[in-house]
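*Asks:* Take a look at the following structure, please.
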Amino acid sequence: MTAPRSSLLLLALIPALGMAHTIGGADAQFVRGADGAAIAPFMYLGAKHMVTGFDHLLYLAGIVFFLTRARDLIALVSLFALGHSITLVSGVLLGTGLNSHLVDAVIGLSIVYKAFENLNGFEAAFGVRPPVGFAVFAFGLCHGLGLATKLEAFQITGNGLLTNLISFNVGVEFGQLVALGCIVIALLWWRRAAAFERQTVVANAVLMTLGFTLAGYQLLAYRAAL
């Protein structure tokens, strides 16, 4: 893909990236009006939110990009899931008090971090390789906070709140499995191509660019809201 075409693609993706982590339309109306346990609807919303959340998908792609062993994939994805489950539920129950734009900016930078790590950037620049599992878990906490700030903004009633939060989180995990399966299948197919090795640098550079774009978009939105 030529540079001009790549630039046009990135510009076209900016609105979509800006919608990461949002719950709108009829879904937002339902969440605002929820009173009592609604297990199936919240599971559906959680799954939908994950499979349409570009920030989540980009970070997942970064996590599994070079993984070839199932146990490594399971371990890292489990750490990510544990991290965002903790902050999703506790963040809504206890209240985060955080600005959603700033949290989403950090999430954008998590994509940058993972792509930079995939390119061995830390080893080349600093001579060290940060613990992969620790970073994945820490950024999982950030992604969960992103989910929590959106749900917290709806001021969901306490009646059935815990049940609905757990249902939403179960839906998120189901959606994550579906998305992860699609990403892994695509990577397995891509790895069979002779050009895969030389395309990995470009692919992770694109990931970094998208992460910076998302972070910048959210910081601009934060400033505009002041």
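Simple scheme: letters A, B, ... for chains in structure tokens order, numbers from 1 for residues in each chain, numbers from 1 for ligands in the order shown.
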Give me the residues of range 161-186 of chain A that have any atom at most 8 Å from an atom of range 58-77 of chain A; for each, the nearest atom pair and the distance in Å, rounded to one decimal. Use only C-alpha atoms, sort by chain and number, and format it as JSON lines.

*Replies:*
{"residue": "A:Leu180", "atom": "CA", "partner": "A:Leu60", "partner_atom": "CA", "distance": 7.1}
{"residue": "A:Ile183", "atom": "CA", "partner": "A:Ala61", "partner_atom": "CA", "distance": 6.5}
{"residue": "A:Val184", "atom": "CA", "partner": "A:Val64", "partner_atom": "CA", "distance": 7.3}

*Asks:* Mind writing the picked residues with all heavy atoms as a PDB file, in the first residue's frame?

*Replies:*
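Done, and the output landed in again_36.pdb:
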ATOM      1  N   LEU A 180     -11.055 -12.339  19.320  1.00  0.00           N
ATOM      2  CA  LEU A 180      -9.730 -12.941  19.363  1.00  0.00           C
ATOM      3  C   LEU A 180      -9.620 -14.087  18.367  1.00  0.00           C
ATOM      4  O   LEU A 180      -8.595 -14.238  17.689  1.00  0.00           O
ATOM      5  CB  LEU A 180      -9.444 -13.448  20.780  1.00  0.00           C
ATOM      6  CG  LEU A 180      -8.062 -14.049  21.016  1.00  0.00           C
ATOM      7  CD1 LEU A 180      -6.988 -12.997  20.812  1.00  0.00           C
ATOM      8  CD2 LEU A 180      -7.976 -14.623  22.432  1.00  0.00           C
ATOM      9  N   ILE A 183      -9.109 -12.625  14.960  1.00  0.00           N
ATOM     10  CA  ILE A 183      -7.770 -12.055  14.817  1.00  0.00           C
ATOM     11  C   ILE A 183      -6.727 -13.152  14.650  1.00  0.00           C
ATOM     12  O   ILE A 183      -5.838 -13.065  13.790  1.00  0.00           O
ATOM     13  CB  ILE A 183      -7.430 -11.170  16.035  1.00  0.00           C
ATOM     14  CG1 ILE A 183      -8.318  -9.931  16.054  1.00  0.00           C
ATOM     15  CG2 ILE A 183      -5.955 -10.767  16.029  1.00  0.00           C
ATOM     16  CD1 ILE A 183      -8.220  -9.117  17.328  1.00  0.00           C
ATOM     17  N   VAL A 184      -6.825 -14.202  15.464  1.00  0.00           N
ATOM     18  CA  VAL A 184      -5.847 -15.300  15.400  1.00  0.00           C
ATOM     19  C   VAL A 184      -5.930 -16.012  14.056  1.00  0.00           C
ATOM     20  O   VAL A 184      -4.904 -16.331  13.442  1.00  0.00           O
ATOM     21  CB  VAL A 184      -6.075 -16.292  16.561  1.00  0.00           C
ATOM     22  CG1 VAL A 184      -5.254 -17.566  16.358  1.00  0.00           C
ATOM     23  CG2 VAL A 184      -5.707 -15.641  17.892  1.00  0.00           C
TER      24      VAL A 184
END

*Asks:* Please identify the alpha helix (DSSP H) residues within range 44-209 of chain A (assignment by DSSP from backbone atoms) and present them as a VMD selection string.

*Replies:* chain A and resid 44 to 51 54 to 64 70 to 94 100 to 118 121 to 126 132 to 152 161 to 191 196 to 209

*Asks:* Restricted to C-alpha atoms, what would the selected residues look like written as a compact mmCIF listing (two decimals), in the first residue's frame?

*Replies:*
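Output (part.txt):
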# COMPACT_ATOMS: atom_id res chain seq x y z
CA TYR A 44 -25.48 -8.59 24.66
CA LEU A 45 -24.35 -5.00 25.24
CA GLY A 46 -21.03 -6.19 26.66
CA ALA A 47 -20.36 -8.47 23.70
CA LYS A 48 -21.40 -5.78 21.21
CA HIS A 49 -19.22 -3.22 22.92
CA MET A 50 -16.18 -5.47 22.67
CA VAL A 51 -16.52 -6.55 19.04
CA PHE A 54 -11.62 -0.53 17.86
CA ASP A 55 -9.28 0.31 20.73
CA HIS A 56 -9.81 -3.12 22.32
CA LEU A 57 -9.38 -4.89 18.99
CA LEU A 58 -6.20 -3.04 18.10
CA TYR A 59 -4.66 -3.80 21.49
CA LEU A 60 -5.66 -7.48 21.24
CA ALA A 61 -4.07 -7.62 17.79
CA GLY A 62 -0.89 -6.19 19.27
CA ILE A 63 -0.87 -8.76 22.08
CA VAL A 64 -1.20 -11.81 19.84
CA ALA A 70 -1.42 -21.46 22.66
CA ARG A 71 -0.28 -21.33 26.29
CA ASP A 72 1.35 -17.91 25.79
CA LEU A 73 -1.77 -16.59 24.09
CA ILE A 74 -4.06 -17.92 26.83
CA ALA A 75 -1.83 -16.54 29.59
CA LEU A 76 -1.60 -12.99 28.20
CA VAL A 77 -5.23 -12.72 27.14
CA SER A 78 -6.28 -14.02 30.57
CA LEU A 79 -4.18 -11.33 32.27
CA PHE A 80 -5.77 -8.68 30.06
CA ALA A 81 -9.26 -10.03 30.81
CA LEU A 82 -8.56 -10.15 34.56
CA GLY A 83 -7.32 -6.56 34.53
CA HIS A 84 -10.28 -5.05 32.73
CA SER A 85 -12.76 -7.17 34.69
CA ILE A 86 -11.41 -5.82 37.99
CA THR A 87 -11.65 -2.15 37.06
CA LEU A 88 -14.88 -2.46 35.09
CA VAL A 89 -16.86 -3.79 38.04
CA SER A 90 -15.07 -1.96 40.87
CA GLY A 91 -14.89 1.28 38.89
CA VAL A 92 -18.67 1.50 38.51
CA LEU A 93 -19.45 0.29 42.03
CA LEU A 94 -16.97 2.59 43.76
CA SER A 100 -13.35 9.32 30.11
CA HIS A 101 -11.38 11.21 27.43
CA LEU A 102 -8.17 11.04 29.46
CA VAL A 103 -8.67 7.33 30.17
CA ASP A 104 -9.30 6.65 26.48
CA ALA A 105 -6.14 8.62 25.64
CA VAL A 106 -4.15 6.25 27.86
CA ILE A 107 -5.85 3.34 26.10
CA GLY A 108 -4.67 4.75 22.78
CA LEU A 109 -1.14 4.92 24.18
CA SER A 110 -1.44 1.28 25.30
CA ILE A 111 -1.71 0.37 21.60
CA VAL A 112 1.39 2.45 20.89
CA TYR A 113 3.26 0.73 23.73
CA LYS A 114 2.41 -2.77 22.52
CA ALA A 115 3.33 -2.04 18.91
CA PHE A 116 6.62 -0.44 20.03
CA GLU A 117 7.32 -3.52 22.14
CA ASN A 118 6.54 -5.78 19.16
CA GLY A 121 11.80 -0.79 20.53
CA PHE A 122 12.54 -0.96 24.24
CA GLU A 123 15.50 -3.26 23.71
CA ALA A 124 16.87 -1.13 20.89
CA ALA A 125 16.38 2.20 22.67
CA PHE A 126 16.97 1.31 26.32
CA VAL A 132 5.19 -8.48 29.02
CA GLY A 133 2.64 -9.96 31.42
CA PHE A 134 2.84 -7.03 33.83
CA ALA A 135 2.26 -4.50 31.04
CA VAL A 136 -0.68 -6.48 29.61
CA PHE A 137 -2.31 -6.70 33.05
CA ALA A 138 -1.70 -3.00 33.78
CA PHE A 139 -3.19 -1.93 30.48
CA GLY A 140 -6.07 -4.33 31.08
CA LEU A 141 -6.83 -2.25 34.17
CA CYS A 142 -6.83 0.88 31.99
CA HIS A 143 -9.15 -0.67 29.40
CA GLY A 144 -11.54 -1.68 32.18
CA LEU A 145 -11.53 1.88 33.49
CA GLY A 146 -12.50 3.03 30.01
CA LEU A 147 -15.53 0.77 30.14
CA ALA A 148 -16.33 1.85 33.69
CA THR A 149 -16.26 5.58 32.94
CA LYS A 150 -18.81 5.11 30.16
CA LEU A 151 -21.19 3.06 32.32
CA GLU A 152 -20.66 5.38 35.29
CA LEU A 161 -26.51 -3.03 39.49
CA LEU A 162 -24.05 -5.77 40.46
CA THR A 163 -25.90 -8.41 38.45
CA ASN A 164 -25.99 -6.16 35.42
CA LEU A 165 -22.32 -5.27 35.74
CA ILE A 166 -21.31 -8.92 35.96
CA SER A 167 -23.58 -9.73 33.00
CA PHE A 168 -22.01 -6.90 30.99
CA ASN A 169 -18.54 -8.18 31.85
CA VAL A 170 -19.45 -11.74 30.86
CA GLY A 171 -20.65 -10.35 27.55
CA VAL A 172 -17.38 -8.46 27.14
CA GLU A 173 -15.44 -11.68 27.70
CA PHE A 174 -17.58 -13.56 25.18
CA GLY A 175 -17.12 -10.79 22.64
CA GLN A 176 -13.40 -10.83 23.32
CA LEU A 177 -13.23 -14.57 22.56
CA VAL A 178 -15.08 -14.06 19.28
CA ALA A 179 -12.87 -11.13 18.27
CA LEU A 180 -9.73 -12.94 19.36
CA GLY A 181 -10.66 -16.00 17.32
CA CYS A 182 -11.07 -13.86 14.20
CA ILE A 183 -7.77 -12.06 14.82
CA VAL A 184 -5.85 -15.30 15.40
CA ILE A 185 -7.29 -16.92 12.27
CA ALA A 186 -6.35 -13.84 10.22
CA LEU A 187 -2.81 -13.89 11.64
CA LEU A 188 -2.41 -17.61 10.99
CA TRP A 189 -3.42 -17.04 7.37
CA TRP A 190 -1.12 -14.03 7.07
CA ARG A 191 1.88 -15.88 8.54
CA PHE A 196 4.84 -11.70 6.40
CA GLU A 197 8.25 -11.12 7.97
CA ARG A 198 8.97 -7.94 6.06
CA GLN A 199 5.41 -6.67 6.53
CA THR A 200 5.48 -6.95 10.33
CA VAL A 201 7.35 -3.66 10.74
CA VAL A 202 4.83 -1.78 8.62
CA ALA A 203 1.90 -3.45 10.39
CA ASN A 204 3.14 -2.47 13.84
CA ALA A 205 4.01 1.02 12.64
CA VAL A 206 0.39 1.34 11.51
CA LEU A 207 -0.73 0.10 14.94
CA MET A 208 1.40 2.77 16.58
CA THR A 209 -0.01 5.45 14.28

*Asks:* What is the distance, in Å and to one decimal place, between CA of Val31 in chain A and CA of Gly95 in chain A?

*Replies:*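 CA of Val31 in chain A sits 16.7 Å away from CA of Gly95 in chain A.
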
*Asks:* Smallest atom-to-atom distance to Ala37 in chain A: which of A:Ala193, A:Ala224, A:Asn159, A:Gly211, using only C-alpha atoms?

*Replies:*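 The answer is A:Asn159, which sits nearest to Ala37 in chain A.
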
*Asks:* What does the structure give for the distance between CA of Asn99 in chain A and CA of Arg32 in chain A, in Å to one decimal?

*Replies:*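 Between these atoms lies a distance of 19.0 Å.
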
*Asks:* What separation in Å, quoted to one decimal, exists between CA of Tyr217 in chain A and CA of Met43 in chain A?

*Replies:*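 A separation of 28.8 Å between them.
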
*Asks:* Which one of A:Tyr222, A:Leu119, A:Leu210, A:Gly33 sits closest to Leu98 in chain A if you count only C-alpha atoms?

*Replies:* A:Tyr222
